[in-house]
Amino acid sequence: MGRVTDTLELPGWSHVYSGKVRDLYVPQGTSEGSRPTRMLVVASDRVSAFDHVLSPGIPGKGTILTTLSLWWFDRLAGGDGGRRIPNHLIPDHVLVGDAALELIPEEVTGRAMVVAALDMQPIECVVRGYLTGSGWAEYRESGTVCGIPLPAGLVDGDRLPEPLYTPAFKAPQGAHDENISYERSVELVGADTAAELRELSLEIYRRAAATAEQRGLILADTKFEFGRNAAGTLVLADEVLTPDSSRYWDAAAWRSGGTPAERMASFDKQIVRDWLAAHWDRQGEPPALPDDIVQRTQARYAELLQRLTGY
Ligand code: ATP
Ligand code: MG
């Protein structure tokens, strides 16, 4: 799986886990097996495609994705046309006294977040406003998306009649997440939590899609993760509305009705995926990414950040 092991030593924190893209730390001194109250989530510049971490990374990616997450957390928490959505961020000023050791270390400023360690729900809360990816693959086979029947005659990239909540079971480390029915999510987390996850996800998607639209962007689909805090409240966690967890398209290109690739001119790592699909047979280790692919991907991430936030 090409896991990266060269994680940083960070003062005040102990490394506990690395996903394909992010590294997790807990406060130093947290004894093994005990639950920390806080975690440090560090976004690296690593980029993955087809379940492999590629090299080189995309310079600045960790900072851009963290900046985007923070921007969205802030807007959603502030109300922004709906209720306040609580999130897992712990503001600096809360970390006083001994806990001040758990601030963001200088080495990772700009690409790290201190978050409350939550009891995570085992469900990836996917919302799709448009038909593409695994949804499009299923629709072609059976006319449904995650078992939900859709009108006939839709093509890749079409807008769905209304946004669909299509949960996935969060597979344990390394395994593939598995699309599940809403009924299955009820079995996994109970009827009340399942309903709350669905309502929150659809509301956040609608608000974010409206914000994106004002900036000439389509939020085609996205994935949220939630956890419960010590008080038992469901809280928005993980990264949010980044190009690693979402598909963003250029609205003008989409309306122009060109080829699927033109319509879905994407702001994520599609450039990387396309290059890799054309230059690798998926056997053995993937080849190194050429400079121009790295630069174009980097420019695309920077453009998304600029268009959404103005930064
Ligand atoms: P992949 O490499 O496929 O992304 P991954 O999802 O395990 O694998 P990351 O996304 O980097 O890797 O890891 C972040 C992990 O931290 C996820 O398991 C996520 O559910 C978890 N997480 C995010 N926010 C919190 C939180 N506030 N409290 C506890 N766990 C969290
Ligand atoms: Mg993840």
# chains A, B, ... in the order shown; residues from 1 in each chain; ligands from 1
>>> residues_near_ligand(ligand="ligand 1", cutoff="9 Å", atoms="only C-alpha atoms and all ligand atoms", output="VMD selection string")
chain A and resid 3 17 to 24 37 to 39 41 to 43 48 51 53 87 to 89 114 to 124 170 to 177 225 to 229 235 to 239 244
>>> residues_around(residues="Asp250 of chain A", least_positions_apart="4", cutoff="9 Å", atoms="only C-alpha atoms", output="list in words")
Gly216, Leu217, Ile218, Trp254, Arg255, Arg263, Met264, Ala265, Ser266 and Phe267 of chain A
>>> write_last_selection(atoms="C-alpha atoms", output="CSV table (one decimal), in the first residue's frame")
chain,number,residue,atom,x,y,z
A,216,GLY,CA,-18.8,29.6,-10.3
A,217,LEU,CA,-18.1,26.2,-8.8
A,218,ILE,CA,-20.2,23.0,-8.7
A,254,TRP,CA,-20.1,22.1,-17.0
A,255,ARG,CA,-22.9,24.2,-18.6
A,263,ARG,CA,-17.9,19.2,-18.5
A,264,MET,CA,-16.3,17.8,-15.4
A,265,ALA,CA,-13.2,19.9,-15.4
A,266,SER,CA,-12.2,19.1,-11.9
A,267,PHE,CA,-10.2,20.7,-9.1
>>> select_by_dssp(residues="segment 6-253 of chain A", states="strand (DSSP E)", output="VMD selection string")
chain A and resid 13 to 18 22 to 27 38 to 43 48 to 49 52 to 53 112 to 116 119 to 120 123 to 130 144 to 145 148 to 149 159 to 165 168 to 169 178 to 179 217 to 228 234 to 237 246 to 250
>>> closest_residue(among="A:Thr109, A:Phe224, A:Trp13, A:Arg273", to="ligand 2", atoms="only C-alpha atoms and all ligand atoms")
A:Phe224
>>> residues_around(residues="Val16 of chain A", least_positions_apart="6", cutoff="12 Å", atoms="only C-alpha atoms", output="number ranges by chain")
A: 5, 7-10, 22-28, 30-33, 36, 39-42
>>> write_last_selection(atoms="N, CA and C atoms", output="CSV table (one decimal), in the first residue's frame")
chain,number,residue,atom,x,y,z
A,5,THR,N,6.4,6.2,6.1
A,5,THR,CA,6.8,6.0,7.4
A,5,THR,C,7.6,7.1,8.0
A,7,THR,N,7.5,10.0,9.3
A,7,THR,CA,6.7,11.0,10.0
A,7,THR,C,7.6,11.9,10.8
A,8,LEU,N,7.2,13.1,11.0
A,8,LEU,CA,8.0,14.1,11.8
A,8,LEU,C,7.9,13.8,13.3
A,9,GLU,N,9.0,14.1,14.0
A,9,GLU,CA,8.9,14.2,15.4
A,9,GLU,C,8.4,15.6,15.8
A,10,LEU,N,7.3,15.6,16.6
A,10,LEU,CA,6.8,17.0,16.9
A,10,LEU,C,6.8,17.1,18.4
A,22,ARG,N,-2.7,11.9,5.7
A,22,ARG,CA,-2.6,12.6,6.9
A,22,ARG,C,-1.9,11.8,8.0
A,23,ASP,N,-1.3,12.5,8.9
A,23,ASP,CA,-0.6,11.9,10.1
A,23,ASP,C,-1.3,12.3,11.3
A,24,LEU,N,-1.5,11.4,12.2
A,24,LEU,CA,-2.2,11.7,13.5
A,24,LEU,C,-1.3,11.6,14.7
A,25,TYR,N,-1.4,12.5,15.6
A,25,TYR,CA,-0.6,12.5,16.8
A,25,TYR,C,-1.5,12.6,18.0
A,26,VAL,N,-1.1,12.1,19.1
A,26,VAL,CA,-1.8,12.3,20.4
A,26,VAL,C,-0.8,13.0,21.3
A,27,PRO,N,-1.3,13.7,22.4
A,27,PRO,CA,-0.4,14.4,23.3
A,27,PRO,C,0.6,13.4,23.9
A,28,GLN,N,1.8,13.9,24.0
A,28,GLN,CA,2.9,13.1,24.5
A,28,GLN,C,2.5,12.7,25.9
A,30,THR,N,0.3,10.3,26.6
A,30,THR,CA,-0.9,9.6,26.5
A,30,THR,C,-0.6,8.1,26.6
A,31,SER,N,-1.1,7.4,27.6
A,31,SER,CA,-0.6,6.0,27.7
A,31,SER,C,-1.4,5.1,26.8
A,32,GLU,N,-0.7,4.1,26.3
A,32,GLU,CA,-1.2,3.3,25.3
A,32,GLU,C,-2.5,2.6,25.7
A,33,GLY,N,-3.5,2.6,24.8
A,33,GLY,CA,-4.8,2.1,25.2
A,33,GLY,C,-5.7,3.0,25.9
A,36,PRO,N,-7.1,9.6,24.4
A,36,PRO,CA,-6.7,11.0,24.5
A,36,PRO,C,-7.9,11.9,24.4
A,39,MET,N,-6.2,15.5,19.6
A,39,MET,CA,-5.4,14.9,18.6
A,39,MET,C,-4.8,16.0,17.7
A,40,LEU,N,-3.7,15.8,17.1
A,40,LEU,CA,-3.2,16.7,16.1
A,40,LEU,C,-3.3,16.0,14.8
A,41,VAL,N,-4.0,16.6,13.9
A,41,VAL,CA,-4.1,16.1,12.5
A,41,VAL,C,-3.2,16.9,11.6
A,42,VAL,N,-2.2,16.2,11.0
A,42,VAL,CA,-1.3,16.9,10.1
A,42,VAL,C,-1.5,16.5,8.7
>>> closest_residue(among="A:Ser181, A:Ala299, A:Thr242, A:Gly147", to="ligand 2", atoms="only C-alpha atoms and all ligand atoms")
A:Thr242
>>> select_by_dssp(residues="segment 61-152 of chain A", states="helix (DSSP H, G or I)", output="mmCIF file with N, CA and C atoms, in the first residue's frame")
data_model
loop_
_atom_site.group_PDB
_atom_site.id
_atom_site.type_symbol
_atom_site.label_atom_id
_atom_site.label_comp_id
_atom_site.auth_asym_id
_atom_site.auth_seq_id
_atom_site.Cartn_x
_atom_site.Cartn_y
_atom_site.Cartn_z
ATOM 1 N N LYS A 61 0.160 21.216 -0.954
ATOM 2 C CA LYS A 61 -1.181 20.592 -0.895
ATOM 3 C C LYS A 61 -1.714 20.526 0.543
ATOM 4 N N GLY A 62 -0.850 20.130 1.489
ATOM 5 C CA GLY A 62 -1.293 19.998 2.880
ATOM 6 C C GLY A 62 -1.812 21.317 3.433
ATOM 7 N N THR A 63 -1.130 22.396 3.084
ATOM 8 C CA THR A 63 -1.534 23.715 3.569
ATOM 9 C C THR A 63 -2.832 24.158 2.899
ATOM 10 N N ILE A 64 -2.941 23.947 1.603
ATOM 11 C CA ILE A 64 -4.149 24.371 0.889
ATOM 12 C C ILE A 64 -5.366 23.610 1.417
ATOM 13 N N LEU A 65 -5.226 22.302 1.593
ATOM 14 C CA LEU A 65 -6.378 21.520 2.057
ATOM 15 C C LEU A 65 -6.754 21.874 3.489
ATOM 16 N N THR A 66 -5.764 22.133 4.326
ATOM 17 C CA THR A 66 -6.059 22.525 5.705
ATOM 18 C C THR A 66 -6.734 23.896 5.728
ATOM 19 N N THR A 67 -6.241 24.819 4.909
ATOM 20 C CA THR A 67 -6.841 26.156 4.850
ATOM 21 C C THR A 67 -8.311 26.060 4.435
ATOM 22 N N LEU A 68 -8.574 25.216 3.450
ATOM 23 C CA LEU A 68 -9.956 25.041 2.989
ATOM 24 C C LEU A 68 -10.847 24.447 4.072
ATOM 25 N N SER A 69 -10.342 23.397 4.753
ATOM 26 C CA SER A 69 -11.123 22.793 5.841
ATOM 27 C C SER A 69 -11.464 23.837 6.898
ATOM 28 N N LEU A 70 -10.464 24.606 7.308
ATOM 29 C CA LEU A 70 -10.681 25.596 8.365
ATOM 30 C C LEU A 70 -11.698 26.649 7.915
ATOM 31 N N TRP A 71 -11.596 27.055 6.670
ATOM 32 C CA TRP A 71 -12.519 28.063 6.120
ATOM 33 C C TRP A 71 -13.952 27.550 6.154
ATOM 34 N N TRP A 72 -14.143 26.315 5.733
ATOM 35 C CA TRP A 72 -15.492 25.740 5.728
ATOM 36 C C TRP A 72 -15.998 25.491 7.157
ATOM 37 N N PHE A 73 -15.159 24.968 8.037
ATOM 38 C CA PHE A 73 -15.582 24.750 9.428
ATOM 39 C C PHE A 73 -16.100 26.061 10.009
ATOM 40 N N ASP A 74 -15.357 27.119 9.753
ATOM 41 C CA ASP A 74 -15.691 28.421 10.301
ATOM 42 C C ASP A 74 -17.033 28.925 9.760
ATOM 43 N N ARG A 75 -17.219 28.861 8.468
ATOM 44 C CA ARG A 75 -18.491 29.299 7.864
ATOM 45 C C ARG A 75 -19.667 28.491 8.399
ATOM 46 N N LEU A 76 -19.485 27.183 8.483
ATOM 47 C CA LEU A 76 -20.588 26.318 8.909
ATOM 48 C C LEU A 76 -20.914 26.534 10.379
ATOM 49 N N ALA A 77 -19.878 26.788 11.175
ATOM 50 C CA ALA A 77 -20.103 27.024 12.606
ATOM 51 C C ALA A 77 -20.766 28.370 12.829
ATOM 52 N N ASP A 92 -6.910 27.746 19.862
ATOM 53 C CA ASP A 92 -5.685 27.941 20.653
ATOM 54 C C ASP A 92 -5.948 28.390 22.082
ATOM 55 N N HIS A 93 -6.891 29.349 22.219
ATOM 56 C CA HIS A 93 -7.044 29.965 23.542
ATOM 57 C C HIS A 93 -7.594 28.986 24.582
ATOM 58 N N VAL A 94 -8.111 27.845 24.111
ATOM 59 C CA VAL A 94 -8.598 26.834 25.051
ATOM 60 C C VAL A 94 -7.428 26.075 25.671
ATOM 61 N N GLY A 97 -2.406 26.612 30.319
ATOM 62 C CA GLY A 97 -1.759 25.768 31.334
ATOM 63 C C GLY A 97 -0.983 24.632 30.675
ATOM 64 N N ASP A 98 -1.049 23.449 31.265
ATOM 65 C CA ASP A 98 -0.313 22.302 30.730
ATOM 66 C C ASP A 98 -0.685 21.991 29.285
ATOM 67 N N ALA A 99 -1.965 22.215 28.977
ATOM 68 C CA ALA A 99 -2.438 21.864 27.637
ATOM 69 C C ALA A 99 -1.807 22.733 26.550
ATOM 70 N N ALA A 100 -1.201 23.865 26.960
ATOM 71 C CA ALA A 100 -0.577 24.732 25.964
ATOM 72 C C ALA A 100 0.558 24.029 25.232
ATOM 73 N N LEU A 101 1.068 22.953 25.828
ATOM 74 C CA LEU A 101 2.083 22.151 25.139
ATOM 75 C C LEU A 101 1.496 21.482 23.904
ATOM 76 N N GLU A 102 0.167 21.443 23.858
ATOM 77 C CA GLU A 102 -0.500 20.754 22.758
ATOM 78 C C GLU A 102 -0.931 21.714 21.650
ATOM 79 N N GLU A 106 5.532 24.531 15.347
ATOM 80 C CA GLU A 106 5.924 25.425 14.264
ATOM 81 C C GLU A 106 6.164 24.700 12.933
ATOM 82 N N GLU A 107 6.772 23.523 13.024
ATOM 83 C CA GLU A 107 7.108 22.771 11.791
ATOM 84 C C GLU A 107 5.904 22.506 10.907
ATOM 85 N N VAL A 108 4.716 22.448 11.515
ATOM 86 C CA VAL A 108 3.547 22.061 10.723
ATOM 87 C C VAL A 108 2.485 23.160 10.694
ATOM 88 N N GLY A 133 -18.572 8.995 -11.044
ATOM 89 C CA GLY A 133 -17.785 8.071 -10.211
ATOM 90 C C GLY A 133 -18.502 6.748 -9.994
ATOM 91 N N SER A 134 -18.453 6.253 -8.734
ATOM 92 C CA SER A 134 -19.048 4.944 -8.446
ATOM 93 C C SER A 134 -20.573 4.999 -8.583
ATOM 94 N N GLY A 135 -21.171 6.191 -8.389
ATOM 95 C CA GLY A 135 -22.615 6.353 -8.561
ATOM 96 C C GLY A 135 -23.004 6.131 -10.026
ATOM 97 N N TRP A 136 -22.235 6.733 -10.918
ATOM 98 C CA TRP A 136 -22.472 6.579 -12.357
ATOM 99 C C TRP A 136 -22.267 5.122 -12.777
ATOM 100 N N ALA A 137 -21.241 4.463 -12.232
ATOM 101 C CA ALA A 137 -20.978 3.055 -12.573
ATOM 102 C C ALA A 137 -22.180 2.189 -12.181
ATOM 103 N N GLU A 138 -22.712 2.431 -10.979
ATOM 104 C CA GLU A 138 -23.866 1.625 -10.547
ATOM 105 C C GLU A 138 -25.106 1.944 -11.385
ATOM 106 N N TYR A 139 -25.310 3.220 -11.677
ATOM 107 C CA TYR A 139 -26.487 3.636 -12.457
ATOM 108 C C TYR A 139 -26.498 2.965 -13.831
ATOM 109 N N ARG A 140 -25.321 2.880 -14.459
ATOM 110 C CA ARG A 140 -25.236 2.252 -15.784
ATOM 111 C C ARG A 140 -25.653 0.784 -15.728
ATOM 112 N N GLU A 141 -25.302 0.134 -14.620
ATOM 113 C CA GLU A 141 -25.624 -1.284 -14.441
ATOM 114 C C GLU A 141 -27.104 -1.493 -14.144
ATOM 115 N N SER A 142 -27.622 -0.662 -13.214
ATOM 116 C CA SER A 142 -28.928 -1.011 -12.629
ATOM 117 C C SER A 142 -29.925 0.142 -12.564
#
>>> residues_around(residues="Gly153 of chain A", least_positions_apart="3", cutoff="12 Å", atoms="only C-alpha atoms", output="count of residues only")
11
>>> atom_distance(atom1="atom CA of Ser44 of chain A", atom2="atom CA of Ala112 of chain A")
9.0 Å
>>> closest_residue(among="A:Leu289, A:Val240, A:Leu219, A:Leu305", to="ligand 2", atoms="only C-alpha atoms and all ligand atoms")
A:Val240
>>> closest_residue(among="A:Arg207, A:Ser246, A:Asp221, A:Thr193", to="Thr166 of chain A", atoms="only C-alpha atoms")
A:Asp221
>>> decode(residues="segment 110-151 of chain A", atoms="N, CA and C atoms", output="PDB file, in the first residue's frame")
ATOM      1  N   GLY A 110       0.010  25.788   9.638  1.00  0.00           N
ATOM      2  CA  GLY A 110      -0.683  25.972   8.356  1.00  0.00           C
ATOM      3  C   GLY A 110      -1.218  24.687   7.774  1.00  0.00           C
ATOM      4  N   ARG A 111      -0.710  23.564   8.249  1.00  0.00           N
ATOM      5  CA  ARG A 111      -1.241  22.309   7.704  1.00  0.00           C
ATOM      6  C   ARG A 111      -1.628  21.316   8.798  1.00  0.00           C
ATOM      7  N   ALA A 112      -1.896  21.852   9.971  1.00  0.00           N
ATOM      8  CA  ALA A 112      -2.289  20.981  11.075  1.00  0.00           C
ATOM      9  C   ALA A 112      -3.457  21.595  11.839  1.00  0.00           C
ATOM     10  N   MET A 113      -4.224  20.738  12.487  1.00  0.00           N
ATOM     11  CA  MET A 113      -5.345  21.182  13.317  1.00  0.00           C
ATOM     12  C   MET A 113      -5.289  20.428  14.635  1.00  0.00           C
ATOM     13  N   VAL A 114      -5.543  21.137  15.740  1.00  0.00           N
ATOM     14  CA  VAL A 114      -5.741  20.443  17.010  1.00  0.00           C
ATOM     15  C   VAL A 114      -7.244  20.201  17.143  1.00  0.00           C
ATOM     16  N   VAL A 115      -7.608  18.950  17.321  1.00  0.00           N
ATOM     17  CA  VAL A 115      -9.034  18.601  17.350  1.00  0.00           C
ATOM     18  C   VAL A 115      -9.366  17.806  18.604  1.00  0.00           C
ATOM     19  N   ALA A 116     -10.642  17.838  18.961  1.00  0.00           N
ATOM     20  CA  ALA A 116     -11.120  16.994  20.064  1.00  0.00           C
ATOM     21  C   ALA A 116     -11.160  15.558  19.565  1.00  0.00           C
ATOM     22  N   ALA A 117     -10.609  14.642  20.352  1.00  0.00           N
ATOM     23  CA  ALA A 117     -10.689  13.219  19.972  1.00  0.00           C
ATOM     24  C   ALA A 117     -12.110  12.747  20.214  1.00  0.00           C
ATOM     25  N   LEU A 118     -12.790  12.383  19.150  1.00  0.00           N
ATOM     26  CA  LEU A 118     -14.209  12.037  19.239  1.00  0.00           C
ATOM     27  C   LEU A 118     -14.405  10.536  19.130  1.00  0.00           C
ATOM     28  N   ASP A 119     -15.600  10.135  19.525  1.00  0.00           N
ATOM     29  CA  ASP A 119     -16.018   8.763  19.294  1.00  0.00           C
ATOM     30  C   ASP A 119     -16.614   8.759  17.875  1.00  0.00           C
ATOM     31  N   MET A 120     -15.825   8.304  16.886  1.00  0.00           N
ATOM     32  CA  MET A 120     -16.214   8.456  15.483  1.00  0.00           C
ATOM     33  C   MET A 120     -17.329   7.485  15.092  1.00  0.00           C
ATOM     34  N   GLN A 121     -18.245   7.963  14.285  1.00  0.00           N
ATOM     35  CA  GLN A 121     -19.274   7.096  13.713  1.00  0.00           C
ATOM     36  C   GLN A 121     -18.640   6.265  12.593  1.00  0.00           C
ATOM     37  N   PRO A 122     -19.009   5.001  12.476  1.00  0.00           N
ATOM     38  CA  PRO A 122     -18.338   4.136  11.490  1.00  0.00           C
ATOM     39  C   PRO A 122     -18.862   4.323  10.068  1.00  0.00           C
ATOM     40  N   ILE A 123     -19.359   5.534   9.780  1.00  0.00           N
ATOM     41  CA  ILE A 123     -20.040   5.764   8.507  1.00  0.00           C
ATOM     42  C   ILE A 123     -19.444   6.978   7.805  1.00  0.00           C
ATOM     43  N   GLU A 124     -19.168   6.811   6.523  1.00  0.00           N
ATOM     44  CA  GLU A 124     -18.782   7.952   5.703  1.00  0.00           C
ATOM     45  C   GLU A 124     -20.071   8.501   5.119  1.00  0.00           C
ATOM     46  N   CYS A 125     -20.343   9.759   5.427  1.00  0.00           N
ATOM     47  CA  CYS A 125     -21.622  10.347   5.035  1.00  0.00           C
ATOM     48  C   CYS A 125     -21.463  11.040   3.683  1.00  0.00           C
ATOM     49  N   VAL A 126     -21.769  10.310   2.632  1.00  0.00           N
ATOM     50  CA  VAL A 126     -21.572  10.817   1.274  1.00  0.00           C
ATOM     51  C   VAL A 126     -22.854  11.482   0.795  1.00  0.00           C
ATOM     52  N   VAL A 127     -22.712  12.661   0.193  1.00  0.00           N
ATOM     53  CA  VAL A 127     -23.853  13.302  -0.462  1.00  0.00           C
ATOM     54  C   VAL A 127     -23.483  13.563  -1.912  1.00  0.00           C
ATOM     55  N   ARG A 128     -24.383  13.192  -2.809  1.00  0.00           N
ATOM     56  CA  ARG A 128     -24.146  13.368  -4.242  1.00  0.00           C
ATOM     57  C   ARG A 128     -25.206  14.277  -4.824  1.00  0.00           C
ATOM     58  N   GLY A 129     -24.771  15.358  -5.445  1.00  0.00           N
ATOM     59  CA  GLY A 129     -25.694  16.241  -6.148  1.00  0.00           C
ATOM     60  C   GLY A 129     -25.688  15.961  -7.636  1.00  0.00           C
ATOM     61  N   TYR A 130     -24.656  15.266  -8.081  1.00  0.00           N
ATOM     62  CA  TYR A 130     -24.450  14.970  -9.501  1.00  0.00           C
ATOM     63  C   TYR A 130     -24.075  13.501  -9.634  1.00  0.00           C
ATOM     64  N   LEU A 131     -24.327  12.980 -10.823  1.00  0.00           N
ATOM     65  CA  LEU A 131     -24.078  11.558 -11.059  1.00  0.00           C
ATOM     66  C   LEU A 131     -22.699  11.380 -11.693  1.00  0.00           C
ATOM     67  N   THR A 132     -21.790  10.725 -10.980  1.00  0.00           N
ATOM     68  CA  THR A 132     -20.477  10.405 -11.567  1.00  0.00           C
ATOM     69  C   THR A 132     -19.782   9.374 -10.680  1.00  0.00           C
ATOM     70  N   GLY A 133     -18.572   8.995 -11.044  1.00  0.00           N
ATOM     71  CA  GLY A 133     -17.785   8.071 -10.211  1.00  0.00           C
ATOM     72  C   GLY A 133     -18.502   6.748  -9.994  1.00  0.00           C
ATOM     73  N   SER A 134     -18.453   6.253  -8.734  1.00  0.00           N
ATOM     74  CA  SER A 134     -19.048   4.944  -8.446  1.00  0.00           C
ATOM     75  C   SER A 134     -20.573   4.999  -8.583  1.00  0.00           C
ATOM     76  N   GLY A 135     -21.171   6.191  -8.389  1.00  0.00           N
ATOM     77  CA  GLY A 135     -22.615   6.353  -8.561  1.00  0.00           C
ATOM     78  C   GLY A 135     -23.004   6.131 -10.026  1.00  0.00           C
ATOM     79  N   TRP A 136     -22.235   6.733 -10.918  1.00  0.00           N
ATOM     80  CA  TRP A 136     -22.472   6.579 -12.357  1.00  0.00           C
ATOM     81  C   TRP A 136     -22.267   5.122 -12.777  1.00  0.00           C
ATOM     82  N   ALA A 137     -21.241   4.463 -12.232  1.00  0.00           N
ATOM     83  CA  ALA A 137     -20.978   3.055 -12.573  1.00  0.00           C
ATOM     84  C   ALA A 137     -22.180   2.189 -12.181  1.00  0.00           C
ATOM     85  N   GLU A 138     -22.712   2.431 -10.979  1.00  0.00           N
ATOM     86  CA  GLU A 138     -23.866   1.625 -10.547  1.00  0.00           C
ATOM     87  C   GLU A 138     -25.106   1.944 -11.385  1.00  0.00           C
ATOM     88  N   TYR A 139     -25.310   3.220 -11.677  1.00  0.00           N
ATOM     89  CA  TYR A 139     -26.487   3.636 -12.457  1.00  0.00           C
ATOM     90  C   TYR A 139     -26.498   2.965 -13.831  1.00  0.00           C
ATOM     91  N   ARG A 140     -25.321   2.880 -14.459  1.00  0.00           N
ATOM     92  CA  ARG A 140     -25.236   2.252 -15.784  1.00  0.00           C
ATOM     93  C   ARG A 140     -25.653   0.784 -15.728  1.00  0.00           C
ATOM     94  N   GLU A 141     -25.302   0.134 -14.620  1.00  0.00           N
ATOM     95  CA  GLU A 141     -25.624  -1.284 -14.441  1.00  0.00           C
ATOM     96  C   GLU A 141     -27.104  -1.493 -14.144  1.00  0.00           C
ATOM     97  N   SER A 142     -27.622  -0.662 -13.214  1.00  0.00           N
ATOM     98  CA  SER A 142     -28.928  -1.011 -12.629  1.00  0.00           C
ATOM     99  C   SER A 142     -29.925   0.142 -12.564  1.00  0.00           C
ATOM    100  N   GLY A 143     -29.522   1.314 -13.030  1.00  0.00           N
ATOM    101  CA  GLY A 143     -30.454   2.451 -12.967  1.00  0.00           C
ATOM    102  C   GLY A 143     -30.650   3.004 -11.566  1.00  0.00           C
ATOM    103  N   THR A 144     -29.790   2.579 -10.631  1.00  0.00           N
ATOM    104  CA  THR A 144     -29.899   3.048  -9.246  1.00  0.00           C
ATOM    105  C   THR A 144     -28.560   3.618  -8.774  1.00  0.00           C
ATOM    106  N   VAL A 145     -28.602   4.381  -7.687  1.00  0.00           N
ATOM    107  CA  VAL A 145     -27.374   4.780  -6.988  1.00  0.00           C
ATOM    108  C   VAL A 145     -27.541   4.377  -5.530  1.00  0.00           C
ATOM    109  N   CYS A 146     -26.673   3.499  -5.049  1.00  0.00           N
ATOM    110  CA  CYS A 146     -26.801   2.933  -3.717  1.00  0.00           C
ATOM    111  C   CYS A 146     -28.220   2.415  -3.490  1.00  0.00           C
ATOM    112  N   GLY A 147     -28.756   1.782  -4.512  1.00  0.00           N
ATOM    113  CA  GLY A 147     -30.071   1.156  -4.406  1.00  0.00           C
ATOM    114  C   GLY A 147     -31.244   2.113  -4.614  1.00  0.00           C
ATOM    115  N   ILE A 148     -30.949   3.423  -4.755  1.00  0.00           N
ATOM    116  CA  ILE A 148     -32.036   4.392  -4.931  1.00  0.00           C
ATOM    117  C   ILE A 148     -32.334   4.517  -6.432  1.00  0.00           C
ATOM    118  N   PRO A 149     -33.580   4.209  -6.852  1.00  0.00           N
ATOM    119  CA  PRO A 149     -33.883   4.275  -8.283  1.00  0.00           C
ATOM    120  C   PRO A 149     -33.856   5.714  -8.798  1.00  0.00           C
ATOM    121  N   LEU A 150     -33.342   5.906 -10.010  1.00  0.00           N
ATOM    122  CA  LEU A 150     -33.259   7.237 -10.613  1.00  0.00           C
ATOM    123  C   LEU A 150     -33.951   7.228 -11.969  1.00  0.00           C
ATOM    124  N   PRO A 151     -34.327   8.417 -12.474  1.00  0.00           N
ATOM    125  CA  PRO A 151     -34.943   8.468 -13.802  1.00  0.00           C
ATOM    126  C   PRO A 151     -34.003   7.898 -14.866  1.00  0.00           C
TER     127      PRO A 151
END
